[in-house]
Structure formats: C-alpha cells, structure tokens
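Peer 1: My structure is below; once you've seen it, I'll send some questions.
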Amino acid sequence: MTLLASEQETIAFAKEFASQLQGGSILLLDGDLGAGKTCFVRGLCEGLGGDPSQVSSPTFAILQEYTIEDGLTLIHIDAYRLSGEEELESIGWDEYVADQNVVIAIEWPSNISSAIPSNAILLKFNHVNMHTREITLQ
C-alpha cells in the first residue's frame with residue numbers, strides 16, 4: 001500500500017512504477033471516480049517516455065493510444081461504458097493483448113474481467129481524504 005498526498009505524488013509514483021514495466025504488460029486500475037486512475041496514467045505515460053499532456057480520460061472514446069519511446073505504445077482503455085467482453089472486439093482487443101510492443105492500462109476492469117489475461121497487474125485506488133489517495137498493488 002502506498003499513500004499519495006497529491007497529484008504530483010501520484011504522477012511520481014506512476015513514473016517510478018513505469019520503470020519496472022515492459023511491452024506486453026497489462027495494468028488493471030480499479031477504483032471509484034476521482035480516485036486518481038487517469039492521473040496515474042499520465043505519470044505512467046511520462047515514465048515510459050511519452051508526453052503526459054496528451055493523456056485524457058478515455059471515458060467517451062473508450063480507448064486512447066499514446067506513442068512512447070523504444071517503439072512502445074501505451075493503450076489506455078476505459079471500460080466503464082462497456083457492457084461486456086464482446087464489445088472489446090471492436091477496439092482491437094485481441095491484437096493489443098498479443099502485441100509485445102504495447103503496455104495496456106485499463107480503468108474499470110471489472111466490466112471486462114473474463115477477457116483479461118491472468119498475468120495482468122491489479123492496482124486498487126482508494127480515496128483516503130480530499131487530497132490523499134491509497135494505491136495497493138495486488
């Protein structure tokens with residue numbers, strides 16, 4: 001469990017976390033609205049060598065794709081509006097999961113749980129108070 005007292009601390013934590021990732025990594029970002037999931041993806045993007053200013057919540061687009069260093073791509077999926085795994089085919093899910101040159105970060109992963117590979121890394125985001133968030137790696 002890690003306590004983060006600001007958006008800047010969340011970004012710094014995500015940048016450090018990114019240094020441990022490689023292509024083919026899948027991150028499940030589970031937490032309530034406003035818990036810091038998209039902020040974490042900004043730091044992740046920066047830590048992987050991308051431009052964090054291009055990161056926005058993909059709630060309406062479902063998927064955002066960010067070019068990062070070393071031929072990698074960060075795929076940011078918001079499954080909040082998906083009604084199930086069958087909708088993943090339309091966004092190229094199988095290709096992304098098979099591609100060893102992508103890192104996938106999924107918000108609201110419970111909506112597509114049966115489609116998620118067993119090697120995915122779960123991060124739970126919780127509000128502690130107005131400014132503090134708790135991230136637990138499971």
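Residue numbering restarts at 1 in every chain; chains get A, B, ... in the order shown in the structure tokens, and ligands count up from 1 in that same order.
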Just list the residues in chain A DSSP gives helix (DSSP H, G or I) on the backbone, as a ChimeraX atom specification.

Peer 2: /A:7-18,37-47,52-54,79-81,85-91,93-98,109-115

Peer 1: List as JSON, numbers by chain the protein and nucleic acid residues near Leu28 of chain A, meaning an atom at most 8 Å away when only C-alpha atoms are counted, but skip any in the same chain fewer than 5 places from it.

Peer 2: {"A": [105, 106, 107, 108, 109, 120, 121, 122, 123]}

Peer 1: Just the number, please: distance in Å from atom CA of His131 of chain A to atom CA of Ser110 of chain A, one decimal.

Peer 2: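 Interatomic distance here is 25.3 Å.
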
Peer 1: Would you kindly return, as a PyMOL selection string, each protein, DNA or RNA residue with an atom no farther than 12 Å from any atom of Ile26 of chain A, considering only C-alpha atoms and excluding same-chain residues fewer than 5 positions away?

Peer 2: chain A and resi 18+21+74-77+93+96-107+109+115-123

Peer 1: Gly31 of chain A: which residues within 8 Å, counting only C-alpha atoms, same-chain residues fewer than 2 positions away excluded, as an NGL selection string?

Peer 2: :A and (29 or 33 or 35 or 37 or 108 or 124-126)

Peer 1: When you look at Lys15 of chain A with a cut-off of 9 Å (counting only C-alpha atoms), what residues show up, excluding the ones that are within fewer than 3 positions of it in the same chain? I need them as a PDB file with N, CA and C atoms, in the first residue's frame.

Peer 2:
```pdb
ATOM      1  N   THR A  10       1.234  11.212  -7.087  1.00  0.00           N
ATOM      2  CA  THR A  10       0.680  10.116  -7.895  1.00  0.00           C
ATOM      3  C   THR A  10       1.446   9.975  -9.192  1.00  0.00           C
ATOM      4  N   ILE A  11       1.737  11.096  -9.838  1.00  0.00           N
ATOM      5  CA  ILE A  11       2.495  11.072 -11.094  1.00  0.00           C
ATOM      6  C   ILE A  11       3.905  10.522 -10.856  1.00  0.00           C
ATOM      7  N   ALA A  12       4.561  10.971  -9.791  1.00  0.00           N
ATOM      8  CA  ALA A  12       5.911  10.484  -9.473  1.00  0.00           C
ATOM      9  C   ALA A  12       5.905   8.976  -9.205  1.00  0.00           C
ATOM     10  N   ALA A  18       6.462   2.749 -13.835  1.00  0.00           N
ATOM     11  CA  ALA A  18       6.673   2.517 -15.271  1.00  0.00           C
ATOM     12  C   ALA A  18       8.049   1.931 -15.562  1.00  0.00           C
ATOM     13  N   SER A  19       9.025   2.278 -14.748  1.00  0.00           N
ATOM     14  CA  SER A  19      10.390   1.795 -14.977  1.00  0.00           C
ATOM     15  C   SER A  19      10.500   0.278 -14.824  1.00  0.00           C
ATOM     16  N   PHE A  40      -2.676   8.693 -12.686  1.00  0.00           N
ATOM     17  CA  PHE A  40      -1.662   7.637 -12.687  1.00  0.00           C
ATOM     18  C   PHE A  40      -1.209   7.348 -14.125  1.00  0.00           C
ATOM     19  N   ARG A  42      -1.174   9.386 -16.622  1.00  0.00           N
ATOM     20  CA  ARG A  42      -0.309  10.493 -17.060  1.00  0.00           C
ATOM     21  C   ARG A  42       1.137  10.236 -16.631  1.00  0.00           C
ATOM     22  N   GLY A  43       1.311   9.859 -15.373  1.00  0.00           N
ATOM     23  CA  GLY A  43       2.653   9.557 -14.875  1.00  0.00           C
ATOM     24  C   GLY A  43       3.244   8.336 -15.544  1.00  0.00           C
ATOM     25  N   LEU A  44       2.420   7.353 -15.802  1.00  0.00           N
ATOM     26  CA  LEU A  44       2.856   6.147 -16.498  1.00  0.00           C
ATOM     27  C   LEU A  44       3.373   6.495 -17.897  1.00  0.00           C
ATOM     28  N   CYS A  45       2.607   7.315 -18.606  1.00  0.00           N
ATOM     29  CA  CYS A  45       2.992   7.742 -19.946  1.00  0.00           C
ATOM     30  C   CYS A  45       4.343   8.456 -19.916  1.00  0.00           C
ATOM     31  N   GLU A  46       4.494   9.366 -18.978  1.00  0.00           N
ATOM     32  CA  GLU A  46       5.757  10.101 -18.851  1.00  0.00           C
ATOM     33  C   GLU A  46       6.904   9.160 -18.494  1.00  0.00           C
ATOM     34  N   GLY A  47       6.661   8.252 -17.567  1.00  0.00           N
ATOM     35  CA  GLY A  47       7.692   7.303 -17.150  1.00  0.00           C
ATOM     36  C   GLY A  47       8.118   6.363 -18.259  1.00  0.00           C
ATOM     37  N   LEU A  48       7.227   6.093 -19.185  1.00  0.00           N
ATOM     38  CA  LEU A  48       7.553   5.232 -20.335  1.00  0.00           C
ATOM     39  C   LEU A  48       8.191   6.013 -21.484  1.00  0.00           C
TER      40      LEU A  48
END
```

Peer 1: In chain A, what's strand (DSSP E or B) per DSSP? Answer as a ChimeraX atom specification?

Peer 2: /A:2-4,26-31,63-67,73-78,102-107,121-127,133-137

Peer 1: Which residue out of A:Ile91, A:Ile112, A:Ala5, A:Cys39 has the minimum interatomic distance to Gln64 of chain A when only C-alpha atoms are used?

Peer 2: A:Ile91

Peer 1: Compare A:Thr38, A:Gln54, A:Gly23, A:Arg81 by their minimum atom-to-atom distance to Glu69 of chain A, counting only C-alpha atoms, and give me the closest one.

Peer 2: A:Gly23

Peer 1: Can you tell me which residues surround Leu3 of chain A at a distance of at most 9 Å, considering only C-alpha atoms, apart from same-chain residues fewer than 4 positions away, and format the answer as a PyMOL selection string?

Peer 2: chain A and resi 9-10+128+132-136

Peer 1: So what do you get for atom CA of Ser90 of chain A versus atom CA of Ser53 of chain A, distance-wise?

Peer 2: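 For atom CA of Ser90 of chain A relative to atom CA of Ser53 of chain A, the distance reads 26.6 Å.
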
Peer 1: When you count only C-alpha atoms, which of these residues is closest to Pro52 of chain A: A:Gly24, A:Ala14, A:Asn111, A:Ala79?

Peer 2: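 When distances to Pro52 of chain A are compared using only C-alpha atoms, the smallest one comes from A:Ala14.
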
Peer 1: Given only C-alpha atoms as the basis, pick out the residue of A:Val41, A:Asp51, A:Gly36, A:Asp30 nearest to Phe17 of chain A.

Peer 2: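 Closest to Phe17 of chain A of all the choices is A:Val41.
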